[in-house]
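See below for protein.txt, which holds compact mmCIF, C-alpha atoms.
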# COMPACT_ATOMS: atom_id res chain seq x y z
CA MET Q 1 19.60 12.39 -17.15
CA GLU Q 2 17.83 9.38 -18.70
CA LEU Q 3 19.19 5.99 -17.78
CA LYS Q 4 18.11 2.42 -18.26
CA GLU Q 5 18.12 0.33 -15.11
CA GLN Q 6 21.70 -0.37 -14.09
CA ARG Q 7 23.92 -0.59 -11.04
CA HIS Q 8 23.95 2.66 -9.11
CA ASN Q 9 24.77 3.79 -5.60
CA PHE Q 10 21.56 5.43 -4.39
CA LYS Q 11 21.51 7.86 -1.48
CA TYR Q 12 17.83 7.73 -0.55
CA LEU Q 13 16.43 4.41 -1.79
CA ASP Q 14 16.76 2.84 1.66
CA ILE Q 15 14.91 5.78 3.27
CA VAL Q 16 12.03 5.54 0.80
CA THR Q 17 11.91 1.77 1.39
CA VAL Q 18 11.66 2.22 5.17
CA ILE Q 19 8.91 4.84 4.88
CA PHE Q 20 6.96 2.63 2.45
CA THR Q 21 7.22 -0.37 4.78
CA ILE Q 22 6.24 1.56 7.93
CA VAL Q 23 3.16 3.05 6.25
CA LEU Q 24 2.19 -0.40 4.96
CA ILE Q 25 2.43 -2.08 8.38
CA LEU Q 26 0.62 0.74 10.19
CA SER Q 27 -2.22 0.65 7.67
CA ASN Q 28 -2.83 -3.04 8.34
CA PHE Q 29 -2.91 -2.61 12.12
CA ALA Q 30 -5.27 0.35 11.81
CA SER Q 31 -7.57 -1.63 9.48
CA SER Q 32 -8.48 -4.09 12.19
CA ALA Q 33 -8.70 -1.47 14.95
CA LYS Q 34 -11.53 0.84 13.85
CA ILE Q 35 -14.13 1.63 11.19
CA ILE Q 36 -14.59 5.37 10.60
CA ASP Q 37 -17.92 6.94 9.59
CA TRP Q 38 -17.81 9.92 7.22
CA GLY Q 39 -21.24 11.02 8.45
CA PHE Q 40 -23.16 10.90 5.15
CA SER Q 41 -24.45 8.52 2.47
CA LEU Q 42 -23.85 8.43 -1.28
CA GLY Q 43 -26.61 6.91 -3.40
CA GLY Q 44 -27.99 5.17 -0.34
CA VAL Q 45 -24.59 3.70 0.58
CA ARG Q 46 -23.21 4.84 3.93
CA MET Q 47 -19.72 6.29 3.59
CA ALA Q 48 -17.47 4.49 6.04
CA PHE Q 49 -13.94 3.12 5.81
CA ASP Q 50 -11.52 1.07 7.88
CA ALA Q 51 -8.92 3.19 9.67
CA GLY Q 52 -6.10 1.69 7.64
CA THR Q 53 -7.36 3.68 4.68
CA VAL Q 54 -5.93 6.80 6.33
CA PHE Q 55 -2.42 5.36 5.93
CA PHE Q 56 -2.59 3.18 2.84
CA PRO Q 57 -2.81 5.83 0.07
CA PHE Q 58 0.63 7.06 1.12
CA ALA Q 59 2.06 3.59 0.46
CA TYR Q 60 0.84 3.96 -3.13
CA ILE Q 61 2.32 7.44 -3.41
CA PHE Q 62 5.71 6.15 -2.31
CA GLY Q 63 5.19 3.16 -4.62
CA ASP Q 64 4.75 5.62 -7.50
CA VAL Q 65 7.91 7.45 -6.44
CA LEU Q 66 9.87 4.19 -6.30
CA THR Q 67 8.89 3.10 -9.82
CA GLU Q 68 9.24 6.57 -11.34
CA VAL Q 69 12.66 7.34 -9.86
CA TYR Q 70 14.29 3.95 -9.33
CA GLY Q 71 12.55 1.70 -11.88
CA TYR Q 72 10.29 -1.31 -11.74
CA SER Q 73 12.89 -3.89 -10.70
CA ARG Q 74 13.78 -1.94 -7.54
CA SER Q 75 10.13 -1.17 -6.87
CA ARG Q 76 9.39 -4.90 -7.18
CA ARG Q 77 12.09 -5.64 -4.63
CA VAL Q 78 10.61 -3.13 -2.18
CA ILE Q 79 7.12 -4.61 -2.68
CA TRP Q 80 8.47 -8.02 -1.69
CA ILE Q 81 10.30 -6.49 1.28
CA GLY Q 82 6.95 -5.02 2.34
CA PHE Q 83 5.34 -8.43 1.93
CA GLY Q 84 7.98 -10.03 4.15
CA SER Q 85 7.51 -7.30 6.75
CA LEU Q 86 3.75 -7.89 6.78
CA VAL Q 87 4.14 -11.64 7.21
CA PHE Q 88 6.68 -11.16 10.00
CA SER Q 89 4.37 -8.69 11.80
CA PHE Q 90 1.40 -11.06 11.51
CA LEU Q 91 3.44 -13.98 12.88
CA MET Q 92 4.75 -11.92 15.82
CA PHE Q 93 1.25 -10.79 16.77
CA LEU Q 94 0.05 -14.38 16.50
CA LEU Q 95 2.77 -15.34 18.99
CA ILE Q 96 1.79 -12.46 21.29
CA ARG Q 97 -1.86 -13.50 21.05
CA VAL Q 98 -1.25 -17.08 22.18
CA LEU Q 99 1.21 -16.27 24.98
CA PRO Q 100 -0.45 -16.25 28.43
CA GLY Q 101 -1.51 -12.87 29.78
CA GLU Q 102 -0.38 -11.62 33.21
CA ALA Q 103 -3.10 -11.67 35.88
CA THR Q 104 -3.37 -7.89 36.45
CA TRP Q 105 -3.44 -7.26 32.71
CA GLN Q 106 -6.18 -9.84 32.33
CA GLN Q 107 -8.28 -7.98 34.91
CA THR Q 108 -7.68 -4.45 33.60
CA VAL Q 109 -7.51 -5.10 29.84
CA GLY Q 110 -8.12 -8.77 29.14
CA GLN Q 111 -7.58 -11.15 26.25
CA PRO Q 112 -11.00 -10.42 24.66
CA ALA Q 113 -10.09 -6.72 24.34
CA PHE Q 114 -6.79 -7.60 22.68
CA ASP Q 115 -8.48 -10.08 20.36
CA SER Q 116 -11.19 -7.62 19.31
CA VAL Q 117 -8.71 -4.88 18.35
CA LEU Q 118 -5.41 -6.57 17.41
CA GLY Q 119 -6.42 -10.20 17.10
CA GLY Q 120 -7.36 -9.61 13.49
CA VAL Q 121 -3.75 -8.94 12.47
CA SER Q 122 -2.58 -12.24 13.88
CA PHE Q 123 -4.70 -14.76 11.95
CA GLY Q 124 -7.53 -15.41 9.54
CA GLY Q 125 -9.30 -13.09 7.16
CA ILE Q 126 -7.51 -9.81 7.77
CA VAL Q 127 -4.14 -11.43 7.12
CA LEU Q 128 -5.23 -13.11 3.89
CA SER Q 129 -7.13 -10.05 2.63
CA SER Q 130 -4.26 -7.70 3.48
CA ILE Q 131 -1.61 -9.81 1.75
CA LEU Q 132 -3.59 -10.55 -1.43
CA GLY Q 133 -4.96 -7.00 -1.76
CA TYR Q 134 -1.50 -5.56 -1.22
CA LEU Q 135 0.26 -7.82 -3.75
CA PHE Q 136 -2.30 -7.46 -6.55
CA GLY Q 137 -2.72 -3.72 -6.00
CA SER Q 138 0.95 -2.85 -5.59
CA PHE Q 139 2.22 -4.87 -8.55
CA SER Q 140 -0.51 -3.63 -10.90
CA ASN Q 141 0.31 -0.07 -9.80
CA ALA Q 142 4.04 -0.54 -10.44
CA VAL Q 143 3.59 -2.27 -13.81
CA ILE Q 144 1.25 0.44 -15.11
CA MET Q 145 3.64 3.16 -13.93
CA ALA Q 146 6.54 1.48 -15.76
CA LEU Q 147 4.59 0.89 -18.98
CA MET Q 148 3.09 4.37 -19.10
CA LYS Q 149 6.44 6.05 -18.48
CA SER Q 150 7.76 4.37 -21.62
CA VAL Q 151 4.62 5.20 -23.64
CA THR Q 152 4.58 8.86 -22.54
CA LYS Q 153 8.39 9.14 -22.86
CA GLY Q 154 8.63 10.37 -19.29
CA LYS Q 155 6.04 13.14 -19.67
CA PHE Q 156 2.73 13.65 -17.88
CA LEU Q 157 3.68 12.18 -14.51
CA TRP Q 158 0.25 13.07 -13.14
CA VAL Q 159 -1.42 10.87 -15.77
CA ARG Q 160 0.77 7.94 -14.77
CA THR Q 161 0.32 8.31 -11.02
CA ILE Q 162 -3.45 8.78 -11.14
CA SER Q 163 -4.05 6.08 -13.79
CA SER Q 164 -1.97 3.51 -11.93
CA THR Q 165 -3.73 4.39 -8.67
CA ILE Q 166 -7.19 4.04 -10.24
CA VAL Q 167 -6.37 0.45 -11.24
CA GLY Q 168 -4.18 -0.54 -8.30
CA GLU Q 169 -6.42 0.88 -5.59
CA PHE Q 170 -9.50 -0.68 -7.22
CA LEU Q 171 -7.96 -4.15 -7.11
CA ASP Q 172 -6.60 -3.62 -3.61
CA SER Q 173 -9.85 -2.25 -2.15
CA LEU Q 174 -12.07 -4.87 -3.80
CA ILE Q 175 -9.89 -7.84 -2.87
CA PHE Q 176 -9.22 -6.60 0.67
CA VAL Q 177 -12.83 -5.82 1.58
CA ALA Q 178 -14.27 -8.86 -0.23
CA ILE Q 179 -12.02 -11.39 1.54
CA ALA Q 180 -12.32 -9.60 4.90
CA THR Q 181 -16.12 -9.65 4.54
CA LEU Q 182 -16.28 -13.31 3.47
CA THR Q 183 -14.16 -14.26 6.50
CA HIS Q 184 -16.37 -12.19 8.84
CA VAL Q 185 -13.76 -9.57 9.72
CA PHE Q 186 -16.15 -6.87 8.44
CA PRO Q 187 -19.97 -7.10 8.59
CA ARG Q 188 -21.57 -8.06 5.27
CA GLU Q 189 -23.86 -5.03 5.37
CA LEU Q 190 -20.77 -2.77 5.20
CA PHE Q 191 -19.29 -4.38 2.07
CA TRP Q 192 -20.30 -1.68 -0.43
CA SER Q 193 -19.74 1.14 2.04
CA LEU Q 194 -16.20 0.01 2.79
CA THR Q 195 -15.34 -0.85 -0.83
CA LEU Q 196 -16.59 2.39 -2.35
CA THR Q 197 -15.35 4.66 0.42
CA ASN Q 198 -11.91 3.01 0.54
CA TYR Q 199 -11.56 3.39 -3.20
CA ILE Q 200 -12.83 6.98 -3.42
CA PHE Q 201 -10.72 8.15 -0.47
CA LYS Q 202 -7.51 6.53 -1.75
CA VAL Q 203 -7.85 7.95 -5.26
CA LEU Q 204 -8.69 11.41 -3.90
CA VAL Q 205 -5.58 11.37 -1.69
CA GLU Q 206 -3.45 10.48 -4.72
CA VAL Q 207 -4.96 13.34 -6.71
CA LEU Q 208 -4.60 15.88 -3.89
CA PHE Q 209 -0.98 14.89 -3.24
CA THR Q 210 0.03 15.04 -6.91
CA PRO Q 211 1.93 18.34 -6.42
CA ALA Q 212 3.82 16.79 -3.49
CA THR Q 213 4.58 13.71 -5.60
CA TYR Q 214 5.98 15.94 -8.36
CA MET Q 215 8.19 17.72 -5.83
CA VAL Q 216 9.52 14.52 -4.23
CA VAL Q 217 10.16 12.88 -7.62
CA SER Q 218 11.97 15.96 -8.93
CA LYS Q 219 14.18 16.30 -5.87
CA LEU Q 220 15.03 12.59 -5.79
CA LYS Q 221 15.93 12.49 -9.48
CA LYS Q 222 18.28 15.43 -9.01
CA ALA Q 223 19.76 14.06 -5.77
CA GLU Q 224 20.28 10.57 -7.22
CA ASP Q 225 21.21 11.88 -10.69
CA VAL Q 226 18.96 9.30 -12.40
CA ASP Q 227 15.75 9.04 -14.38
CA VAL Q 228 15.24 5.30 -14.75
CA TYR Q 229 13.24 3.77 -17.60
CA SER Q 230 12.26 0.22 -16.63
CA ASP Q 231 13.15 -2.85 -18.67
CA LEU Q 232 9.72 -3.71 -20.10
CA SER Q 233 10.83 -7.27 -20.86
CA ASP Q 234 11.19 -7.89 -17.13
CA LEU Q 235 7.82 -6.98 -15.58
CA SER Q 236 7.14 -10.31 -13.91
CA PRO Q 237 6.42 -9.94 -10.18
CA LEU Q 238 8.10 -13.28 -9.49
CA SER Q 239 11.63 -11.96 -9.01
CA PHE Q 240 13.52 -10.32 -6.18
As structure tokens - that is how I would like this structure written.
Amino acid sequence: MELKEQRHNFKYLDIVTVIFTIVLILSNFASSAKIIDWGFSLGGVRMAFDAGTVFFPFAYIFGDVLTEVYGYSRSRRVIWIGFGSLVFSFLMFLLIRVLPGEATWQQTVGQPAFDSVLGGVSFGGIVLSSILGYLFGSFSNAVIMALMKSVTKGKFLWVRTISSTIVGEFLDSLIFVAIATLTHVFPRELFWSLTLTNYIFKVLVEVLFTPATYMVVSKLKKAEDVDVYSDLSDLSPLSF
């Protein structure tokens, strides 16, 4: 059932929004916690990625689902909800970081240990790189999905999801790693390793999960009784 964007009582939009937001927040905490080594090099570049990369591709998959099923305007709203959740999380961890630690905790764990693992999500480079990478990547992904759905008349979902991911994940990975490197969150010598590996891994996850994306999209369209085509005159990210 093809519909333009209009008022509708959705059964599962809130659930998809919660899952999207949880994955987004977890990916940012994991990014500052550990760098994972794939164990091989590609063209002389060591393949390694920040641990947040394990989570983040799923945020894009759910972002694709949001735009495909519910339309760009609702996807845009969820992206801004995710942004607000990120900012709130960063501010709360900043508060936790500056509050005084209990004496036994200081002896057994200590402030330096907290700062080295979770301090990054409370200030500085990781916050700026996460927010900018997320906004540029997510909005470019959603806009491309909306435009291509109109161009393809709702056909070839796999072309839309993979094409939007290729662009969105490129912008996200490049901006995130570049800013995090310039602000000394990541070592400079790992810039190309992290950028290339983040990008390759994220796109591969999108490709591998294409059948699952098809299944989720199909079930949601039937359950919600909609197939939204976005209003292409309203693709500005500056609305809520």
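Comparing Q:Leu13, Q:Val18, Q:Met47, Q:Val217 by their smallest distance to Q:Ser193, the closest is Q:Met47 (using all atoms listed in the file).
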- Item | One-decimal distance in Å that lies between atom CA of Q:Ser85 and atom CA of Q:Val216 |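 Straight-line distance from atom CA of Q:Val216 to atom CA of Q:Ser85 works out to 24.5 Å.
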- Query: Could you name the residues that touch stretch 176-191 of chain Q at 6 Å or less, counting all atoms listed in the file, but leaving out those on the same chain fewer than 6 positions away, as a PyMOL selection string?
  - Reply: chain Q and resi 125-126+129-130+133
- Return the single residue from Q:Ser75, Q:Ser230, Q:Asn141, Q:Ser173 that is closest to Q:Lys202, with distances computed using only C-alpha atoms.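 Among the listed residues, the smallest separation from Q:Lys202 belongs to Q:Ser173.
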- Task: Could you check which of Q:Ser27, Q:Tyr70, Q:Glu169, Q:Val151 is closest to Q:Lys11, using only C-alpha atoms?
- Result: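 Closest candidate: Q:Tyr70.
Nearest-residue note for Q:Asn9: choosing from Q:Ile25, Q:Glu224, Q:Gly101, Q:Ile166, the minimum distance belongs to Q:Glu224, counting all atoms listed in the file.
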- Query: Which of these, Q:Met92, Q:Phe56, Q:Gly44, Q:Gly110, has the shortest distance to Q:Ser122 once you count all atoms listed in the file?
  - Reply: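 Between Q:Met92, Q:Phe56, Q:Gly44, Q:Gly110, the residue approaching Q:Ser122 most closely is Q:Met92.
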- Rounded to one decimal place, report the atom CA of Q:Asn28-atom CA of Q:Val121 distance in Å.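 Taking atom CA of Q:Asn28 as the start and atom CA of Q:Val121 as the end point, the length is 7.3 Å.
Shortest atom-to-atom contact with Q:Gly43 among Q:Ser239, Q:Trp192, Q:Ser73, Q:Phe10: Q:Trp192, counting only C-alpha atoms.
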- Item | Non-local contacts of Q:Leu118 (12 Å; only C-alpha atoms; under 5 positions in same chain excluded) as a ChimeraX atom specification | /Q:26,28-34,89-90,92-94,96-97,111-113,123,126-127,185
Based on the selection just made, write C-alpha atoms of those residues as a compact mmCIF listing (two decimals), keeping the file's coordinate frame.
# COMPACT_ATOMS: atom_id res chain seq x y z
CA LEU Q 26 0.62 0.74 10.19
CA ASN Q 28 -2.83 -3.04 8.34
CA PHE Q 29 -2.91 -2.61 12.12
CA ALA Q 30 -5.27 0.35 11.81
CA SER Q 31 -7.57 -1.63 9.48
CA SER Q 32 -8.48 -4.09 12.19
CA ALA Q 33 -8.70 -1.47 14.95
CA LYS Q 34 -11.53 0.84 13.85
CA SER Q 89 4.37 -8.69 11.80
CA PHE Q 90 1.40 -11.06 11.51
CA MET Q 92 4.75 -11.92 15.82
CA PHE Q 93 1.25 -10.79 16.77
CA LEU Q 94 0.05 -14.38 16.50
CA ILE Q 96 1.79 -12.46 21.29
CA ARG Q 97 -1.86 -13.50 21.05
CA GLN Q 111 -7.58 -11.15 26.25
CA PRO Q 112 -11.00 -10.42 24.66
CA ALA Q 113 -10.09 -6.72 24.34
CA PHE Q 123 -4.70 -14.76 11.95
CA ILE Q 126 -7.51 -9.81 7.77
CA VAL Q 127 -4.14 -11.43 7.12
CA VAL Q 185 -13.76 -9.57 9.72
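One distance worth recording is that between atom CA of Q:Leu194 and atom CA of Q:Ala48, which is 5.7 Å.
Neighbours of Q:Leu235 closer than or equal to 10 Å, with all atoms listed in the file counted and sequence neighbours fewer than 4 positions away skipped, come out as Tyr72, Ser73, Arg76, Phe139, Ala142, Val143, Ile144, Ala146, Leu147, Ser230, Asp231 and Ser239 of chain Q.
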Could I see stretch 202-216 of chain Q restored to N, CA, C and O atoms, set down as an mmCIF file, keeping the file's coordinate frame?
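Done, and the output landed in part-v5.cif:
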data_model
loop_
_atom_site.group_PDB
_atom_site.id
_atom_site.type_symbol
_atom_site.label_atom_id
_atom_site.label_comp_id
_atom_site.auth_asym_id
_atom_site.auth_seq_id
_atom_site.Cartn_x
_atom_site.Cartn_y
_atom_site.Cartn_z
ATOM 1 N N LYS Q 202 -8.892 6.779 -1.324
ATOM 2 C CA LYS Q 202 -7.510 6.530 -1.750
ATOM 3 C C LYS Q 202 -7.173 7.276 -3.036
ATOM 4 O O LYS Q 202 -6.083 7.857 -3.171
ATOM 5 N N VAL Q 203 -8.093 7.250 -3.998
ATOM 6 C CA VAL Q 203 -7.850 7.950 -5.260
ATOM 7 C C VAL Q 203 -7.795 9.459 -5.034
ATOM 8 O O VAL Q 203 -6.943 10.156 -5.605
ATOM 9 N N LEU Q 204 -8.687 9.980 -4.187
ATOM 10 C CA LEU Q 204 -8.690 11.410 -3.900
ATOM 11 C C LEU Q 204 -7.378 11.848 -3.249
ATOM 12 O O LEU Q 204 -6.842 12.917 -3.576
ATOM 13 N N VAL Q 205 -6.854 11.036 -2.334
ATOM 14 C CA VAL Q 205 -5.580 11.370 -1.690
ATOM 15 C C VAL Q 205 -4.471 11.434 -2.732
ATOM 16 O O VAL Q 205 -3.639 12.344 -2.718
ATOM 17 N N GLU Q 206 -4.458 10.468 -3.656
ATOM 18 C CA GLU Q 206 -3.450 10.480 -4.720
ATOM 19 C C GLU Q 206 -3.544 11.750 -5.547
ATOM 20 O O GLU Q 206 -2.529 12.385 -5.850
ATOM 21 N N VAL Q 207 -4.764 12.138 -5.900
ATOM 22 C CA VAL Q 207 -4.960 13.340 -6.710
ATOM 23 C C VAL Q 207 -4.498 14.586 -5.945
ATOM 24 O O VAL Q 207 -3.776 15.435 -6.476
ATOM 25 N N LEU Q 208 -4.923 14.696 -4.690
ATOM 26 C CA LEU Q 208 -4.600 15.880 -3.890
ATOM 27 C C LEU Q 208 -3.101 16.003 -3.634
ATOM 28 O O LEU Q 208 -2.576 17.110 -3.520
ATOM 29 N N PHE Q 209 -2.420 14.861 -3.531
ATOM 30 C CA PHE Q 209 -0.980 14.890 -3.240
ATOM 31 C C PHE Q 209 -0.124 14.864 -4.506
ATOM 32 O O PHE Q 209 1.096 14.712 -4.410
ATOM 33 N N THR Q 210 -0.745 15.030 -5.663
ATOM 34 C CA THR Q 210 0.030 15.040 -6.910
ATOM 35 C C THR Q 210 1.123 16.113 -6.908
ATOM 36 O O THR Q 210 2.257 15.829 -7.307
ATOM 37 N N PRO Q 211 0.845 17.350 -6.474
ATOM 38 C CA PRO Q 211 1.930 18.340 -6.420
ATOM 39 C C PRO Q 211 3.088 17.909 -5.526
ATOM 40 O O PRO Q 211 4.260 18.121 -5.870
ATOM 41 N N ALA Q 212 2.762 17.271 -4.385
ATOM 42 C CA ALA Q 212 3.820 16.790 -3.490
ATOM 43 C C ALA Q 212 4.596 15.655 -4.141
ATOM 44 O O ALA Q 212 5.825 15.563 -4.002
ATOM 45 N N THR Q 213 3.905 14.796 -4.885
ATOM 46 C CA THR Q 213 4.580 13.710 -5.600
ATOM 47 C C THR Q 213 5.541 14.265 -6.626
ATOM 48 O O THR Q 213 6.681 13.790 -6.765
ATOM 49 N N TYR Q 214 5.111 15.278 -7.377
ATOM 50 C CA TYR Q 214 5.980 15.940 -8.360
ATOM 51 C C TYR Q 214 7.238 16.472 -7.672
ATOM 52 O O TYR Q 214 8.353 16.324 -8.184
ATOM 53 N N MET Q 215 7.068 17.116 -6.528
ATOM 54 C CA MET Q 215 8.190 17.720 -5.830
ATOM 55 C C MET Q 215 9.183 16.660 -5.357
ATOM 56 O O MET Q 215 10.401 16.799 -5.539
ATOM 57 N N VAL Q 216 8.656 15.583 -4.738
ATOM 58 C CA VAL Q 216 9.520 14.520 -4.230
ATOM 59 C C VAL Q 216 10.263 13.843 -5.380
ATOM 60 O O VAL Q 216 11.480 13.592 -5.304
#
